[in-house]
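Notes follow once the structure below has been shown.
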Amino acid sequence: MWVSTKAQYGLRALIEIGRGGLQPVPLKDVSDRQGLSQHYLEQIASNLRRAGFIKSVRGAHGGYRLARPPAQISAYDVVTAMEGSIAPVSCVENDHTCQSQNVCGTQNLWFRVDAALRDVLGSTTLADLISESEQQQHDQRERERADSDAFEQQAADDASARDGHVPHRDEHGLRDIGGIACRFCQ
């Protein structure tokens, strides 16, 4: 199954709008945060609004907000609203009768793939995706903070070395000078 950018961007937009809570979120903000075309997002937002996922709020502080709680919006609902059928092959679609069903050795495989896809998308709510997104951003900020701390530490070590002091590190990477606290390393 191929998920179009329309469905992918639709979910990403809903995550950003959902993170705004009850406050309307302008599409420009979604576009800037997600690196997506605002023009394309306007088309997607129109589809999301018609499908009942978002409501528009007019005015100076307008934008979009969710039409219902994020826990009541499944990824399956969004993808099917944006894509239509998500069946991996036409013979497993509800309204399709397969001409080769008596001789096809792969039909059961496609039914299992379809069921798994529906199960994963159906059991994943927008609330889940918002939570995962927030966790990813938190983890990214922590990695950046650790990288910044390591950079600052390296700069301090370099400055100490230029002053003739070379800090020693124990097996944990902590500064140690034979068990004596060093005034430069504290």
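All residue names refer to the structure tokens as shown: chains lettered A, B, ... in order, residues numbered from 1 in each chain, ligands numbered from 1 in order.
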
Near-Asp128 of chain A list (12 Å; only C-alpha atoms; drop same-chain fewer than 2 positions) as a VMD selection string
chain A and resid 11 14 to 15 18 to 19 69 to 75 120 to 126 130 to 135

Written file, previous selection with N, CA, C and O atoms, as a CSV table (one decimal), in the first residue's frame:
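This went into result36.csv:
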```csv
chain,number,residue,atom,x,y,z
A,11,LEU,N,-2.2,13.9,8.4
A,11,LEU,CA,-2.0,13.5,9.8
A,11,LEU,C,-1.0,14.5,10.5
A,11,LEU,O,-1.2,14.8,11.6
A,14,LEU,N,-2.9,17.5,11.4
A,14,LEU,CA,-3.8,17.3,12.6
A,14,LEU,C,-3.0,17.2,13.9
A,14,LEU,O,-3.5,17.7,14.9
A,15,ILE,N,-1.8,16.7,13.8
A,15,ILE,CA,-0.9,16.6,15.0
A,15,ILE,C,-0.6,18.0,15.5
A,15,ILE,O,-0.8,18.4,16.7
A,18,GLY,N,-3.8,19.7,16.7
A,18,GLY,CA,-4.1,19.0,18.0
A,18,GLY,C,-3.2,19.5,19.2
A,18,GLY,O,-3.7,19.6,20.3
A,19,ARG,N,-2.0,19.8,18.9
A,19,ARG,CA,-1.1,20.2,19.9
A,19,ARG,C,-1.4,21.6,20.4
A,19,ARG,O,-1.1,22.1,21.5
A,69,PRO,N,-12.3,15.6,20.2
A,69,PRO,CA,-11.1,15.2,21.0
A,69,PRO,C,-10.1,14.3,20.2
A,69,PRO,O,-10.6,13.4,19.4
A,70,PRO,N,-8.8,14.5,20.3
A,70,PRO,CA,-7.9,13.7,19.5
A,70,PRO,C,-8.0,12.2,19.8
A,70,PRO,O,-7.6,11.4,18.9
A,71,ALA,N,-8.4,11.8,21.0
A,71,ALA,CA,-8.6,10.4,21.3
A,71,ALA,C,-9.7,9.8,20.5
A,71,ALA,O,-9.8,8.5,20.4
A,72,GLN,N,-10.6,10.6,19.9
A,72,GLN,CA,-11.7,10.1,19.1
A,72,GLN,C,-11.4,10.1,17.6
A,72,GLN,O,-12.3,9.8,16.8
A,73,ILE,N,-10.2,10.4,17.2
A,73,ILE,CA,-9.8,10.5,15.8
A,73,ILE,C,-8.8,9.4,15.6
A,73,ILE,O,-7.7,9.5,16.1
A,74,SER,N,-9.1,8.4,14.8
A,74,SER,CA,-8.1,7.3,14.5
A,74,SER,C,-7.3,7.7,13.2
A,74,SER,O,-7.8,8.3,12.3
A,75,ALA,N,-6.1,7.1,13.2
A,75,ALA,CA,-5.3,7.3,12.0
A,75,ALA,C,-6.0,6.7,10.8
A,75,ALA,O,-6.0,7.2,9.6
A,120,VAL,N,-3.6,-1.6,12.8
A,120,VAL,CA,-2.6,-0.6,13.3
A,120,VAL,C,-3.2,0.8,13.1
A,120,VAL,O,-3.1,1.5,14.1
A,121,LEU,N,-3.7,1.1,12.0
A,121,LEU,CA,-4.2,2.4,11.8
A,121,LEU,C,-5.5,2.7,12.7
A,121,LEU,O,-5.6,3.8,13.2
A,122,GLY,N,-6.3,1.7,12.8
A,122,GLY,CA,-7.5,1.8,13.7
A,122,GLY,C,-7.2,1.9,15.1
A,122,GLY,O,-8.0,2.5,15.9
A,123,SER,N,-6.1,1.3,15.6
A,123,SER,CA,-5.8,1.4,17.0
A,123,SER,C,-4.9,2.5,17.4
A,123,SER,O,-4.5,2.7,18.6
A,124,THR,N,-4.5,3.3,16.4
A,124,THR,CA,-3.7,4.5,16.7
A,124,THR,C,-4.5,5.7,16.6
A,124,THR,O,-5.1,6.0,15.5
A,125,THR,N,-4.6,6.5,17.7
A,125,THR,CA,-5.4,7.7,17.7
A,125,THR,C,-4.5,8.9,17.5
A,125,THR,O,-3.3,8.8,17.6
A,126,LEU,N,-5.2,10.0,17.2
A,126,LEU,CA,-4.5,11.3,17.0
A,126,LEU,C,-3.8,11.6,18.4
A,126,LEU,O,-2.7,12.2,18.4
A,130,ILE,N,0.1,12.6,18.8
A,130,ILE,CA,0.5,13.9,19.5
A,130,ILE,C,1.5,13.6,20.6
A,130,ILE,O,2.5,14.2,20.7
A,131,SER,N,1.1,12.6,21.4
A,131,SER,CA,2.0,12.2,22.5
A,131,SER,C,3.4,11.8,22.0
A,131,SER,O,4.4,12.2,22.5
A,132,GLU,N,3.4,10.9,20.9
A,132,GLU,CA,4.7,10.5,20.4
A,132,GLU,C,5.5,11.7,19.8
A,132,GLU,O,6.7,11.7,19.9
A,133,SER,N,4.8,12.6,19.2
A,133,SER,CA,5.4,13.8,18.6
A,133,SER,C,6.1,14.6,19.7
A,133,SER,O,7.2,15.1,19.5
A,134,GLU,N,5.3,14.8,20.8
A,134,GLU,CA,5.9,15.6,21.9
A,134,GLU,C,7.1,14.9,22.5
A,134,GLU,O,8.0,15.6,22.9
A,135,GLN,N,7.0,13.6,22.6
A,135,GLN,CA,8.1,12.8,23.1
A,135,GLN,C,9.4,12.9,22.2
A,135,GLN,O,10.5,13.1,22.7
```

Write out as a ChimeraX atom specification all residues of chain A that DSSP puts in strand (DSSP E or B) for this structure's backbone.
/A:25,54-57,63-66,74,125,169,175,177,180

Which one is closest to Leu41 of chain A: A:Ala116, A:Cys91, A:Ile54, A:Ala13? Count only C-alpha atoms.
A:Ala13

Pick out each residue of chain A that DSSP on the backbone tags as helix (DSSP H, G or I); I need them as a PyMOL selection string.
chain A and resi 5-19+27-34+38-50+70-72+75-83+90-92+107-123+126-162

Hey, what's within 12 Å of Ser31 of chain A if we count only C-alpha atoms and toss same-chain stuff fewer than 5 positions away? As a PyMOL selection string, please?
chain A and resi 9-10+12-14+16-17+25-26+36-42+44-45

Any idea what's packed within 7 Å of Gly63 of chain A, counting only C-alpha atoms, ignoring anything in its chain fewer than 3 positions away? Could you give it as a ChimeraX atom specification?
/A:24-27,56-58

Using only C-alpha atoms, which residues sit within 9 Å of segment 117-119 of chain A once same-chain residues fewer than 4 positions away are excluded, as an MDAnalysis selection string?
chainID A and resid 76 86:88 112:113 123:124

Take the residues from that selection and put them in a file with C-alpha atoms, as an mmCIF file, in the first residue's frame.
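File written: result_9.cif
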```cif
data_model
loop_
_atom_site.group_PDB
_atom_site.id
_atom_site.type_symbol
_atom_site.label_atom_id
_atom_site.label_comp_id
_atom_site.auth_asym_id
_atom_site.auth_seq_id
_atom_site.Cartn_x
_atom_site.Cartn_y
_atom_site.Cartn_z
ATOM 1 C CA TYR A 76 -7.512 4.907 9.972
ATOM 2 C CA ILE A 86 -6.479 1.515 1.806
ATOM 3 C CA ALA A 87 -6.681 -2.058 0.527
ATOM 4 C CA PRO A 88 -3.244 -3.276 -0.598
ATOM 5 C CA ARG A 112 -3.923 -10.611 6.299
ATOM 6 C CA VAL A 113 -1.987 -7.519 5.135
ATOM 7 C CA SER A 123 -5.835 1.359 17.027
ATOM 8 C CA THR A 124 -3.678 4.490 16.670
#
```
